[in-house]
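**Student:** So that you have it, the file is coords24.csv, and it contains CSV, C-alpha atoms (C1' of nucleotides):
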```
chain,number,residue,atom,x,y,z
A,1,MET,CA,3.6,-96.0,-64.4
A,2,LYS,CA,3.2,-99.2,-62.5
A,3,SER,CA,-0.5,-98.4,-61.8
A,4,TYR,CA,-1.0,-97.6,-65.5
A,5,THR,CA,0.4,-101.0,-66.5
A,6,LYS,CA,-1.8,-102.8,-64.0
A,7,ALA,CA,-4.9,-100.9,-65.3
A,8,ILE,CA,-4.0,-101.7,-68.9
A,9,TYR,CA,-3.5,-105.3,-68.1
A,10,GLU,CA,-6.9,-105.5,-66.3
A,11,ILE,CA,-8.6,-103.9,-69.3
A,12,ILE,CA,-7.1,-106.3,-71.8
A,13,LYS,CA,-7.7,-109.4,-69.6
A,14,THR,CA,-11.3,-108.4,-68.9
A,15,GLY,CA,-12.1,-107.5,-72.4
A,16,HIS,CA,-10.8,-110.9,-73.6
A,17,TRP,CA,-12.6,-112.7,-70.9
A,18,ILE,CA,-16.0,-111.1,-71.8
A,19,THR,CA,-15.7,-111.7,-75.5
A,20,ASP,CA,-14.5,-115.2,-75.0
A,21,THR,CA,-17.3,-116.1,-72.6
A,22,VAL,CA,-19.9,-114.5,-74.7
A,23,GLY,CA,-18.4,-116.3,-77.7
A,24,GLN,CA,-19.0,-119.6,-75.9
A,25,VAL,CA,-22.6,-118.7,-75.3
A,26,LEU,CA,-23.2,-117.8,-78.9
A,27,LYS,CA,-21.5,-120.9,-80.2
A,28,GLU,CA,-24.3,-123.0,-78.7
A,29,ASP,CA,-26.4,-121.4,-81.4
A,30,ASN,CA,-23.8,-121.7,-84.0
A,31,ILE,CA,-23.2,-118.0,-84.2
A,32,THR,CA,-19.8,-116.3,-84.0
A,33,GLU,CA,-19.3,-113.1,-82.1
A,34,PRO,CA,-18.7,-111.1,-85.3
A,35,GLN,CA,-21.9,-112.5,-86.8
A,36,PHE,CA,-23.7,-111.5,-83.7
A,37,ASN,CA,-22.3,-108.0,-83.8
A,38,VAL,CA,-23.4,-107.6,-87.5
A,39,LEU,CA,-26.9,-108.7,-86.5
A,40,ARG,CA,-27.0,-106.1,-83.8
A,41,ILE,CA,-25.8,-103.4,-86.2
A,42,LEU,CA,-28.5,-104.4,-88.6
A,43,LYS,CA,-31.1,-104.3,-85.9
A,44,GLY,CA,-29.9,-100.8,-85.0
A,45,GLN,CA,-30.7,-99.7,-88.5
A,46,LYS,CA,-34.4,-100.2,-87.8
A,47,GLY,CA,-35.2,-101.5,-91.2
A,48,ASN,CA,-32.9,-99.2,-93.2
A,49,PRO,CA,-30.4,-101.0,-95.3
A,50,ILE,CA,-26.7,-100.6,-94.7
A,51,THR,CA,-23.8,-101.3,-96.9
A,52,VAL,CA,-20.9,-103.7,-96.3
A,53,GLN,CA,-18.6,-100.8,-95.8
A,54,ASP,CA,-20.7,-99.1,-93.2
A,55,ILE,CA,-21.1,-102.4,-91.3
A,56,GLN,CA,-17.3,-102.6,-91.3
A,57,GLY,CA,-17.0,-99.2,-89.8
A,58,ARG,CA,-19.3,-100.0,-86.9
A,59,MET,CA,-17.7,-103.2,-85.9
A,60,ILE,CA,-15.8,-103.4,-82.6
A,61,GLN,CA,-13.2,-105.7,-84.1
A,62,ARG,CA,-11.9,-104.5,-87.4
A,63,SER,CA,-12.5,-107.8,-89.0
A,64,SER,CA,-12.1,-107.2,-92.7
A,65,ASN,CA,-14.2,-110.0,-94.0
A,66,VAL,CA,-17.7,-108.6,-93.7
A,67,THR,CA,-18.6,-110.1,-97.0
A,68,ARG,CA,-18.0,-113.6,-95.7
A,69,ILE,CA,-19.7,-112.9,-92.4
A,70,VAL,CA,-22.8,-111.8,-94.3
A,71,ASP,CA,-22.5,-114.9,-96.4
A,72,LYS,CA,-22.8,-117.0,-93.3
A,73,LEU,CA,-25.8,-115.0,-92.1
A,74,LEU,CA,-27.4,-115.4,-95.5
A,75,ASP,CA,-27.0,-119.2,-95.3
A,76,LYS,CA,-28.9,-119.1,-92.1
A,77,GLY,CA,-31.6,-116.9,-93.4
A,78,LEU,CA,-30.9,-114.2,-90.9
A,79,VAL,CA,-30.2,-111.4,-93.4
A,80,ASN,CA,-31.0,-110.2,-96.9
A,81,ARG,CA,-28.5,-108.8,-99.4
A,82,GLN,CA,-29.4,-106.9,-102.5
A,83,GLU,CA,-27.8,-104.5,-104.8
A,84,CYS,CA,-28.1,-100.9,-103.8
A,85,PRO,CA,-30.5,-99.2,-106.3
A,86,THR,CA,-28.6,-96.0,-106.5
A,87,ASN,CA,-25.1,-97.4,-106.7
A,88,ARG,CA,-24.6,-100.8,-108.1
A,89,ARG,CA,-21.2,-101.2,-106.5
A,90,LYS,CA,-22.8,-101.3,-103.0
A,91,MET,CA,-24.9,-104.0,-101.4
A,92,ASP,CA,-27.8,-103.2,-99.2
A,93,ILE,CA,-27.9,-105.5,-96.2
A,94,THR,CA,-31.0,-105.9,-94.0
A,95,ILE,CA,-32.0,-108.2,-91.2
A,96,THR,CA,-34.9,-110.6,-91.8
A,97,SER,CA,-37.7,-111.0,-89.3
A,98,PHE,CA,-36.3,-114.5,-88.6
A,99,GLY,CA,-33.0,-112.8,-87.9
A,100,LEU,CA,-34.7,-110.4,-85.5
A,101,ASP,CA,-36.2,-113.3,-83.6
A,102,GLU,CA,-32.9,-115.1,-83.4
A,103,LEU,CA,-31.2,-112.0,-82.2
A,104,GLU,CA,-33.8,-111.6,-79.5
A,105,LYS,CA,-33.0,-115.1,-78.2
A,106,LEU,CA,-29.3,-114.5,-78.4
A,107,ASN,CA,-29.6,-111.2,-76.6
A,108,LYS,CA,-31.5,-112.9,-73.8
A,109,LYS,CA,-28.7,-115.5,-73.4
A,110,VAL,CA,-26.0,-112.8,-73.4
A,111,LEU,CA,-27.9,-110.8,-70.8
A,112,GLU,CA,-28.1,-113.9,-68.7
A,113,PHE,CA,-24.3,-114.0,-68.8
A,114,HIS,CA,-24.1,-110.4,-67.7
A,115,SER,CA,-26.8,-110.6,-65.0
A,116,PRO,CA,-24.5,-111.7,-62.2
A,117,TYR,CA,-22.3,-108.7,-62.8
A,118,ILE,CA,-24.7,-105.9,-63.5
A,119,ASN,CA,-25.1,-104.9,-59.9
A,120,ASN,CA,-21.5,-105.3,-58.9
A,121,LEU,CA,-21.0,-101.6,-59.7
A,122,THR,CA,-23.4,-98.7,-58.9
A,123,ASP,CA,-24.4,-96.5,-61.8
A,124,ASP,CA,-22.0,-93.9,-60.6
A,125,GLU,CA,-19.1,-96.3,-60.4
A,126,ALA,CA,-19.9,-97.7,-63.9
A,127,GLU,CA,-19.9,-94.1,-65.2
A,128,ILE,CA,-16.6,-93.3,-63.5
A,129,LEU,CA,-15.1,-96.5,-65.0
A,130,GLU,CA,-16.2,-95.6,-68.5
A,131,LYS,CA,-14.9,-92.0,-68.1
A,132,LEU,CA,-11.5,-93.2,-66.7
A,133,ILE,CA,-11.0,-95.5,-69.7
A,134,LYS,CA,-11.8,-92.7,-72.1
A,135,LYS,CA,-9.5,-90.4,-70.2
A,136,LEU,CA,-6.8,-93.0,-70.4
A,137,LYS,CA,-7.2,-93.0,-74.2
A,138,GLY,CA,-7.2,-89.2,-74.3
A,139,GLU,CA,-10.7,-88.9,-75.5
B,1,MET,CA,-27.9,-101.1,-66.4
B,2,LYS,CA,-27.3,-98.6,-69.2
B,3,SER,CA,-24.1,-97.4,-67.6
B,4,TYR,CA,-23.0,-101.0,-67.0
B,5,THR,CA,-23.4,-101.7,-70.7
B,6,LYS,CA,-21.4,-98.6,-71.7
B,7,ALA,CA,-18.6,-99.5,-69.3
B,8,ILE,CA,-18.5,-103.1,-70.6
B,9,TYR,CA,-18.4,-101.8,-74.2
B,10,GLU,CA,-15.6,-99.4,-73.4
B,11,ILE,CA,-13.6,-102.2,-71.8
B,12,ILE,CA,-14.0,-104.5,-74.7
B,13,LYS,CA,-13.3,-101.9,-77.3
B,14,THR,CA,-10.2,-100.5,-75.5
B,15,GLY,CA,-8.8,-104.0,-74.9
B,16,HIS,CA,-9.1,-104.9,-78.5
B,17,TRP,CA,-7.6,-101.6,-79.6
B,18,ILE,CA,-4.6,-102.0,-77.4
B,19,THR,CA,-3.8,-105.6,-78.4
B,20,ASP,CA,-4.5,-104.8,-82.1
B,21,THR,CA,-2.2,-101.9,-82.0
B,22,VAL,CA,0.6,-103.6,-80.1
B,23,GLY,CA,0.1,-106.5,-82.4
B,24,GLN,CA,0.9,-104.2,-85.3
B,25,VAL,CA,4.1,-103.0,-83.6
B,26,LEU,CA,5.3,-106.5,-82.9
B,27,LYS,CA,4.6,-107.6,-86.4
B,28,GLU,CA,7.3,-105.4,-87.7
B,29,ASP,CA,9.7,-107.8,-85.9
B,30,ASN,CA,7.8,-110.8,-87.1
B,31,ILE,CA,6.5,-111.6,-83.6
B,32,THR,CA,2.9,-112.3,-82.8
B,33,GLU,CA,1.3,-111.1,-79.6
B,34,PRO,CA,1.0,-114.6,-78.0
B,35,GLN,CA,4.7,-115.2,-78.8
B,36,PHE,CA,5.6,-111.9,-77.2
B,37,ASN,CA,3.6,-112.8,-74.1
B,38,VAL,CA,5.3,-116.1,-73.8
B,39,LEU,CA,8.6,-114.4,-74.0
B,40,ARG,CA,7.6,-112.1,-71.1
B,41,ILE,CA,6.4,-115.0,-69.0
B,42,LEU,CA,9.8,-116.7,-69.6
B,43,LYS,CA,11.7,-113.6,-68.6
B,44,GLY,CA,9.6,-113.3,-65.5
B,45,GLN,CA,11.0,-116.7,-64.5
B,46,LYS,CA,14.4,-115.2,-64.1
B,47,GLY,CA,16.2,-118.2,-65.4
B,48,ASN,CA,14.0,-120.9,-63.9
B,49,PRO,CA,12.4,-123.2,-66.4
B,50,ILE,CA,8.7,-123.3,-66.8
B,51,THR,CA,6.5,-126.0,-68.4
B,52,VAL,CA,4.1,-125.7,-71.3
B,53,GLN,CA,1.2,-126.1,-68.9
B,54,ASP,CA,2.4,-123.3,-66.6
B,55,ILE,CA,2.9,-121.0,-69.6
B,56,GLN,CA,-0.6,-121.8,-70.6
B,57,GLY,CA,-2.0,-120.8,-67.2
B,58,ARG,CA,-0.3,-117.5,-67.3
B,59,MET,CA,-1.4,-116.3,-70.7
B,60,ILE,CA,-3.9,-113.6,-71.0
B,61,GLN,CA,-5.6,-115.2,-74.0
B,62,ARG,CA,-6.3,-118.9,-73.3
B,63,SER,CA,-4.7,-119.9,-76.6
B,64,SER,CA,-4.4,-123.7,-76.4
B,65,ASN,CA,-1.5,-124.0,-78.8
B,66,VAL,CA,1.4,-123.2,-76.5
B,67,THR,CA,3.5,-126.0,-78.1
B,68,ARG,CA,3.2,-124.4,-81.5
B,69,ILE,CA,4.0,-121.0,-80.2
B,70,VAL,CA,7.1,-122.4,-78.5
B,71,ASP,CA,7.9,-124.1,-81.9
B,72,LYS,CA,8.0,-120.7,-83.5
B,73,LEU,CA,10.1,-119.2,-80.8
B,74,LEU,CA,12.5,-122.1,-81.1
B,75,ASP,CA,12.9,-121.5,-84.8
B,76,LYS,CA,13.9,-118.0,-84.1
B,77,GLY,CA,16.4,-119.1,-81.4
B,78,LEU,CA,14.6,-117.1,-78.7
B,79,VAL,CA,13.9,-120.0,-76.4
B,80,ASN,CA,15.2,-123.4,-75.3
B,81,ARG,CA,13.1,-126.5,-74.8
B,82,GLN,CA,14.3,-129.6,-73.0
B,83,GLU,CA,12.8,-132.5,-71.2
B,84,CYS,CA,12.2,-132.0,-67.5
B,85,PRO,CA,14.7,-134.1,-65.6
B,86,THR,CA,12.3,-135.0,-62.9
B,87,ASN,CA,9.3,-135.7,-65.1
B,88,ARG,CA,9.8,-136.8,-68.6
B,89,ARG,CA,6.3,-135.8,-69.6
B,90,LYS,CA,7.0,-132.2,-69.0
B,91,MET,CA,9.1,-129.8,-71.1
B,92,ASP,CA,11.3,-127.2,-69.5
B,93,ILE,CA,11.2,-123.9,-71.5
B,94,THR,CA,13.7,-121.2,-70.9
B,95,ILE,CA,14.4,-117.9,-72.7
B,96,THR,CA,17.8,-117.6,-74.5
B,97,SER,CA,20.0,-114.6,-74.0
B,98,PHE,CA,19.2,-113.7,-77.6
B,99,GLY,CA,15.6,-113.9,-76.6
B,100,LEU,CA,16.2,-111.5,-73.7
B,101,ASP,CA,17.8,-109.1,-76.1
B,102,GLU,CA,15.0,-109.3,-78.5
B,103,LEU,CA,12.4,-108.9,-75.8
B,104,GLU,CA,14.2,-105.8,-74.6
B,105,LYS,CA,13.9,-104.3,-78.0
B,106,LEU,CA,10.3,-105.2,-78.3
B,107,ASN,CA,9.5,-103.9,-74.9
B,108,LYS,CA,11.0,-100.5,-75.8
B,109,LYS,CA,8.8,-100.4,-78.9
B,110,VAL,CA,5.7,-101.3,-77.0
B,111,LEU,CA,6.5,-98.7,-74.3
B,112,GLU,CA,6.8,-96.1,-77.1
B,113,PHE,CA,3.3,-97.0,-78.0
B,114,HIS,CA,2.1,-96.5,-74.5
B,115,SER,CA,4.1,-93.4,-73.7
B,116,PRO,CA,1.5,-90.9,-75.0
B,117,TYR,CA,-1.1,-92.4,-72.7
B,118,ILE,CA,0.8,-93.1,-69.5
B,119,ASN,CA,0.2,-89.7,-68.0
B,120,ASN,CA,-3.4,-89.4,-69.0
B,121,LEU,CA,-4.4,-90.8,-65.7
B,122,THR,CA,-2.9,-90.0,-62.3
B,123,ASP,CA,-1.7,-93.0,-60.3
B,124,ASP,CA,-4.8,-92.7,-58.1
B,125,GLU,CA,-7.0,-92.7,-61.1
B,126,ALA,CA,-5.3,-95.7,-62.6
B,127,GLU,CA,-5.7,-97.6,-59.3
B,128,ILE,CA,-9.3,-96.7,-59.1
B,129,LEU,CA,-9.8,-97.9,-62.7
B,130,GLU,CA,-8.2,-101.2,-61.9
B,131,LYS,CA,-10.2,-101.6,-58.8
B,132,LEU,CA,-13.5,-100.8,-60.5
B,133,ILE,CA,-12.9,-103.4,-63.2
B,134,LYS,CA,-12.1,-106.0,-60.5
B,135,LYS,CA,-15.1,-105.0,-58.6
B,136,LEU,CA,-17.2,-105.3,-61.8
B,137,LYS,CA,-16.0,-108.9,-62.1
B,138,GLY,CA,-16.8,-109.6,-58.5
B,139,GLU,CA,-13.2,-110.1,-57.5
C,1,DG,C1',4.0,-155.8,-61.3
C,2,DA,C1',0.0,-155.7,-64.7
C,3,DT,C1',-3.8,-152.9,-65.6
C,4,DC,C1',-6.2,-148.7,-65.5
C,5,DT,C1',-6.4,-143.8,-64.9
C,6,DT,C1',-4.6,-139.4,-65.0
C,7,DT,C1',-1.4,-135.9,-66.5
C,8,DA,C1',1.5,-133.3,-70.1
C,9,DT,C1',2.4,-132.5,-74.4
C,10,DT,C1',2.0,-132.9,-79.2
C,11,DT,C1',-0.4,-133.5,-83.6
C,12,DG,C1',-4.4,-133.4,-86.9
C,13,DT,C1',-8.1,-131.1,-88.7
C,14,DT,C1',-11.4,-127.6,-89.4
C,15,DT,C1',-12.6,-122.9,-89.2
C,16,DG,C1',-11.9,-118.0,-89.0
C,17,DA,C1',-8.7,-113.8,-89.5
C,18,DA,C1',-5.5,-111.1,-92.0
C,19,DC,C1',-3.9,-109.2,-96.1
C,20,DA,C1',-3.4,-108.9,-101.0
C,21,DA,C1',-5.3,-109.1,-105.4
C,22,DT,C1',-9.2,-108.9,-108.3
C,23,DT,C1',-13.5,-107.5,-110.4
C,24,DA,C1',-16.8,-104.2,-111.4
C,25,DA,C1',-19.1,-99.7,-111.1
C,26,DT,C1',-18.6,-94.9,-110.5
C,27,DG,C1',-16.4,-90.5,-110.6
C,28,DT,C1',-13.2,-87.2,-112.9
C,29,DA,C1',-10.5,-84.8,-116.2
C,30,DT,C1',-9.2,-83.6,-120.6
D,1,DA,C1',-16.8,-89.5,-125.0
D,2,DT,C1',-12.5,-91.8,-123.7
D,3,DA,C1',-9.0,-92.8,-120.4
D,4,DC,C1',-7.7,-92.9,-115.8
D,5,DA,C1',-8.4,-93.0,-111.0
D,6,DT,C1',-11.2,-94.2,-107.2
D,7,DT,C1',-14.5,-96.7,-104.6
D,8,DA,C1',-17.1,-101.1,-103.1
D,9,DA,C1',-17.3,-105.6,-102.7
D,10,DT,C1',-15.6,-110.1,-103.4
D,11,DT,C1',-12.3,-113.8,-103.8
D,12,DG,C1',-7.7,-116.2,-103.1
D,13,DT,C1',-4.3,-117.5,-100.1
D,14,DT,C1',-1.7,-117.9,-96.0
D,15,DC,C1',-1.4,-118.2,-91.2
D,16,DA,C1',-3.1,-118.7,-86.6
D,17,DA,C1',-6.9,-120.3,-83.2
D,18,DA,C1',-10.0,-123.8,-81.6
D,19,DC,C1',-11.0,-128.3,-80.5
D,20,DA,C1',-10.4,-133.1,-80.6
D,21,DA,C1',-7.6,-137.0,-80.8
D,22,DA,C1',-3.3,-139.2,-80.1
D,23,DT,C1',0.9,-140.3,-77.7
D,24,DA,C1',3.6,-141.2,-74.0
D,25,DA,C1',5.0,-141.0,-69.2
D,26,DA,C1',3.6,-141.1,-64.3
D,27,DG,C1',0.6,-142.4,-60.6
D,28,DA,C1',-2.8,-145.5,-58.5
D,29,DT,C1',-5.1,-149.8,-57.5
D,30,DC,C1',-5.5,-154.5,-56.9
```
Represent the structure of the file as structure tokens.

**Tutor:**
Amino acid sequence: MKSYTKAIYEIIKTGHWITDTVGQVLKEDNITEPQFNVLRILKGQKGNPITVQDIQGRMIQRSSNVTRIVDKLLDKGLVNRQECPTNRRKMDITITSFGLDELEKLNKKVLEFHSPYINNLTDDEAEILEKLIKKLKGE
Amino acid sequence: MKSYTKAIYEIIKTGHWITDTVGQVLKEDNITEPQFNVLRILKGQKGNPITVQDIQGRMIQRSSNVTRIVDKLLDKGLVNRQECPTNRRKMDITITSFGLDELEKLNKKVLEFHSPYINNLTDDEAEILEKLIKKLKGE
DNA sequence: GATCTTTATTTGTTTGAACAATTAATGTAT
DNA sequence: ATACATTAATTGTTCAAACAAATAAAGATC
């Protein structure tokens, strides 16, 4: 029970620390963490459009304002938004080539942040870590 | 590298999930997560007053607005705030007995949230988990 | 002891998050 | 086909977070 609490605390604290720090890095380029995540989701689509709803479902943080996040990305020319041809309620979002370039740059910076830590754990240890967290959640 | 990324992702996602869910539970009693954490810090003082600055230092999330959080807790009668006798710049914050009662209730609710998960890991596993995260951070 | 710096907290302001309500298109049932 | 319900996205509003600036006390220096 005590060890459970300590583990939980460590997870929360570390999670916050990573997102906060990465957030700082991204802010230098005037990008928020949610915006960054949307860009990554869009890149993962490999050109296929994705709706606002589906973006929502894939976000780590269940931030409800995907529309406004996309608004911001549109302002910066990082994404396109157009009506879905088969269902006029939906919006098809895609990343622009400029968006891909920017994401590339951002990814490099984020990777730089991670680089001092990447080898702190062996692959085996990292896998055990992942599995233990999943087990904790009952997955 | 791939396993590192997966581990990191799991940490972030799980951390968010816990704080979000606990946040929901607390909201039923009109308490935010930062307010709850301040209450816990105050309880941990066992009656000794603590300054705004020291509260700040012990918070998981480095929310800068401790003053305003304490304002809210004051409104609810959960804490006291008075000038530090030895240094008039500082403010001594203490938890009221009503605050302790409320915290007790909240802790029970939070514990209820955790109870399904507490035994998913053995003590040994939880300790390994904690150690691996610390090792990941280079601690 | 007057001035300058540092420390501790508070306050102002801007931005994002949360939640509810709205709009508009689609699906369904009679 | 019309009426009603559901789905998808947007918009409005409120509240908290972030950051900077301000206030005010204490400490340091000369």

**Student:** Between CA of Val25 (chain B) and CA of Glu112 (chain B), what distance in Å does the model show, to one decimal?

**Tutor:**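 Value for the CA of Val25 (chain B)-CA of Glu112 (chain B) distance: 9.9 Å.
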
**Student:** Residues within 10 Å of DT22 (chain C), please, as a VMD selection string. Count only C-alpha atoms (C1' of nucleotides); anything in the same chain fewer than 3 positions from it doesn't count.

**Tutor:** chain D and resid 10 to 12

**Student:** For Gly15 (chain A), please output as JSON, numbers by chain all residues within 8 Å (counting only C-alpha atoms (C1' of nucleotides); exclusion window: fewer than 3 positions along the same chain).

**Tutor:** {"A": [11, 12, 18, 19], "B": [8, 11, 12, 13, 14, 15, 16]}

**Student:** Within 12 Å of DA25 (chain C), counting all atoms listed in the file, which residues qualify if same-chain residues fewer than 2 places away don't, as a list of chain:residue names?

**Tutor:**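 Everything that qualifies: A:Glu83, A:Cys84, A:Thr86, A:Asn87, A:Arg88, A:Arg89, A:Lys90, C:DT23, C:DG27, D:DT6, D:DT7, D:DA8, D:DA9.
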
**Student:** For a test of reading the model, state the distance in Å between CA of Ile118 (chain B) and CA of Val22 (chain B), rounded to one decimal.

**Tutor:**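 The value is 14.9 Å.
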
**Student:** Could you name the residues that touch Gly44 (chain B) at 10 Å or less, counting all atoms listed in the file, but leaving out those on the same chain fewer than 5 positions away, as a short mmCIF file (atom, residue, chain, number, x, y, z; two decimals) with C-alpha atoms, in the coordinates of the input?

**Tutor:**
```
data_model
loop_
_atom_site.label_atom_id
_atom_site.label_comp_id
_atom_site.auth_asym_id
_atom_site.auth_seq_id
_atom_site.Cartn_x
_atom_site.Cartn_y
_atom_site.Cartn_z
CA VAL B 38 5.30 -116.10 -73.80
CA LEU B 39 8.60 -114.40 -74.00
CA ILE B 95 14.40 -117.90 -72.70
#
```

**Student:** Tell me which of B:Asn37, B:Thr96, B:Thr67, B:Gln45 sits closest to chain C, counting all atoms listed in the file.

**Tutor:**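 For chain C, the nearest of the given residues is B:Thr67.
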
**Student:** Report, in Å with one decimal, the straight-line distance from CA of Lys135 (chain A) to CA of Gly57 (chain A).

**Tutor:**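 These two atoms are separated by 22.8 Å.
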
**Student:** Mind listing as a list in words all residues within 12 Å of (0.7, -142.8, -59.7), counting only C-alpha atoms (C1' of nucleotides)?

**Tutor:**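 Those within range, by chain then number, are DC4, DT5, DT6 and DT7 of chain C; DA25, DA26, DG27, DA28 and DT29 of chain D.
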
**Student:** Using only C-alpha atoms (C1' of nucleotides), find the one residue out of A:Thr5, A:Glu28, A:Gly47, A:Arg68 that sits nearest to chain C.

**Tutor:**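 Ranked by minimum distance to chain C, first place goes to A:Arg68.
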
**Student:** Please, which residues in chain B fall within 9 Å of chain A when counting all atoms listed in the file, and what is the closest atom pair and distance in Å to one decimal for each, ordered by chain then residue number, as CSV?

**Tutor:**
```
residue,atom,partner,partner_atom,distance
B:Met1,CA,A:Ile118,CA,6.5
B:Lys2,CA,A:Asp123,CA,8.2
B:Ser3,CA,A:Ala126,CA,5.6
B:Tyr4,CA,A:Ala126,CA,5.5
B:Thr5,CA,A:Ile118,CA,8.4
B:Lys6,CA,A:Glu130,CA,6.8
B:Ala7,CA,A:Glu130,CA,4.6
B:Ile8,CA,A:Gly15,CA,8.0
B:Tyr9,CA,A:Gly15,CA,8.7
B:Glu10,CA,A:Glu130,CA,6.2
B:Ile11,CA,A:Gly15,CA,5.5
B:Ile12,CA,A:Gly15,CA,4.2
B:Lys13,CA,A:Ile60,CA,6.0
B:Thr14,CA,A:Ile11,CA,7.2
B:Gly15,CA,A:Ile12,CA,4.2
B:His16,CA,A:Gln61,CA,7.0
B:Trp17,CA,A:Gln61,CA,8.3
B:Ile18,CA,A:Ile12,CA,7.5
B:Thr19,CA,A:Ile12,CA,7.4
B:Asp20,CA,A:Gln61,CA,9.0
B:Ile60,CA,A:Lys13,CA,5.8
B:Gln61,CA,A:His16,CA,6.8
B:Pro116,CA,A:Gly138,CA,8.9
B:Tyr117,CA,A:Leu136,CA,6.2
B:Ile118,CA,A:Tyr4,CA,6.3
B:Asn119,CA,A:Met1,CA,8.0
B:Asn120,CA,A:Leu136,CA,5.1
B:Leu121,CA,A:Leu136,CA,5.7
B:Thr122,CA,A:Tyr4,CA,8.5
B:Asp123,CA,A:Ser3,CA,5.7
B:Asp124,CA,A:Ser3,CA,8.0
B:Glu125,CA,A:Leu132,CA,7.2
B:Ala126,CA,A:Tyr4,CA,5.5
B:Glu127,CA,A:Ser3,CA,5.8
B:Ile128,CA,A:Leu129,CA,8.3
B:Leu129,CA,A:Leu129,CA,5.9
B:Glu130,CA,A:Ala7,CA,4.7
B:Lys131,CA,A:Ala7,CA,8.4
B:Leu132,CA,A:Leu129,CA,6.4
B:Ile133,CA,A:Glu10,CA,7.1
B:Lys134,CA,A:Glu10,CA,7.8
B:Lys135,CA,A:Asn120,CA,6.4
B:Leu136,CA,A:Asn120,CA,5.2
B:Lys137,CA,A:Tyr117,CA,6.3
B:Gly138,CA,A:Asn120,CA,6.4
```

**Student:** Using all atoms listed in the file, find the one residue out of C:DG16, C:DT11, C:DT30, C:DA21 that sits nearest to chain A.

**Tutor:**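 Counting all atoms listed in the file, the residue closest to chain A is C:DG16.
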
**Student:** Should the cut-off be 12 Å, what would the residue list for chain D against chain B look like, counting only C-alpha atoms (C1' of nucleotides), as a list in words?

**Tutor:**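 Contact residues on the first chain: DC15, DA16, DA17, DA18, DC19, DA20, DT23, DA24, DA25, DA26 and DG27 of chain D.
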
**Student:** Using only C-alpha atoms (C1' of nucleotides), can you tell me which of B:Gln24, B:Pro49, B:Leu111, B:Ile31 comes closest to chain C?

**Tutor:**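 Once distances to chain C are computed over only C-alpha atoms (C1' of nucleotides), the minimum belongs to B:Gln24.
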
**Student:** Some atoms are absent from region 65-74 of chain A, so rebuild N, CA, C and O atoms and return them as a PDB file, keeping the file's coordinate frame.

**Tutor:**
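In the end it all went to rebuild_3.pdb:
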```
ATOM      1  N   ASN A  65     -13.455-109.170 -93.083  1.00  0.00           N
ATOM      2  CA  ASN A  65     -14.200-110.000 -94.000  1.00  0.00           C
ATOM      3  C   ASN A  65     -15.733-109.942 -93.771  1.00  0.00           C
ATOM      4  O   ASN A  65     -16.402-110.935 -93.553  1.00  0.00           O
ATOM      5  N   VAL A  66     -16.239-108.736 -93.877  1.00  0.00           N
ATOM      6  CA  VAL A  66     -17.700-108.600 -93.700  1.00  0.00           C
ATOM      7  C   VAL A  66     -18.457-109.344 -94.719  1.00  0.00           C
ATOM      8  O   VAL A  66     -19.492-109.936 -94.416  1.00  0.00           O
ATOM      9  N   THR A  67     -17.958-109.375 -95.927  1.00  0.00           N
ATOM     10  CA  THR A  67     -18.600-110.100 -97.000  1.00  0.00           C
ATOM     11  C   THR A  67     -18.895-111.568 -96.553  1.00  0.00           C
ATOM     12  O   THR A  67     -20.000-112.096 -96.668  1.00  0.00           O
ATOM     13  N   ARG A  68     -17.849-112.184 -96.028  1.00  0.00           N
ATOM     14  CA  ARG A  68     -18.000-113.600 -95.700  1.00  0.00           C
ATOM     15  C   ARG A  68     -18.865-113.788 -94.429  1.00  0.00           C
ATOM     16  O   ARG A  68     -19.567-114.787 -94.298  1.00  0.00           O
ATOM     17  N   ILE A  69     -18.847-112.807 -93.533  1.00  0.00           N
ATOM     18  CA  ILE A  69     -19.700-112.900 -92.400  1.00  0.00           C
ATOM     19  C   ILE A  69     -21.188-112.818 -92.856  1.00  0.00           C
ATOM     20  O   ILE A  69     -22.041-113.592 -92.423  1.00  0.00           O
ATOM     21  N   VAL A  70     -21.426-111.896 -93.771  1.00  0.00           N
ATOM     22  CA  VAL A  70     -22.800-111.800 -94.300  1.00  0.00           C
ATOM     23  C   VAL A  70     -23.159-113.046 -95.076  1.00  0.00           C
ATOM     24  O   VAL A  70     -24.317-113.502 -95.003  1.00  0.00           O
ATOM     25  N   ASP A  71     -22.197-113.634 -95.766  1.00  0.00           N
ATOM     26  CA  ASP A  71     -22.500-114.900 -96.400  1.00  0.00           C
ATOM     27  C   ASP A  71     -23.042-115.936 -95.466  1.00  0.00           C
ATOM     28  O   ASP A  71     -24.035-116.609 -95.752  1.00  0.00           O
ATOM     29  N   LYS A  72     -22.391-116.038 -94.309  1.00  0.00           N
ATOM     30  CA  LYS A  72     -22.800-117.000 -93.300  1.00  0.00           C
ATOM     31  C   LYS A  72     -24.236-116.703 -92.814  1.00  0.00           C
ATOM     32  O   LYS A  72     -25.054-117.600 -92.627  1.00  0.00           O
ATOM     33  N   LEU A  73     -24.473-115.429 -92.582  1.00  0.00           N
ATOM     34  CA  LEU A  73     -25.800-115.000 -92.100  1.00  0.00           C
ATOM     35  C   LEU A  73     -26.866-115.262 -93.130  1.00  0.00           C
ATOM     36  O   LEU A  73     -28.003-115.624 -92.805  1.00  0.00           O
ATOM     37  N   LEU A  74     -26.491-115.088 -94.387  1.00  0.00           N
ATOM     38  CA  LEU A  74     -27.400-115.400 -95.500  1.00  0.00           C
ATOM     39  C   LEU A  74     -27.787-116.849 -95.492  1.00  0.00           C
ATOM     40  O   LEU A  74     -28.964-117.208 -95.602  1.00  0.00           O
TER      41      LEU A  74
END
```
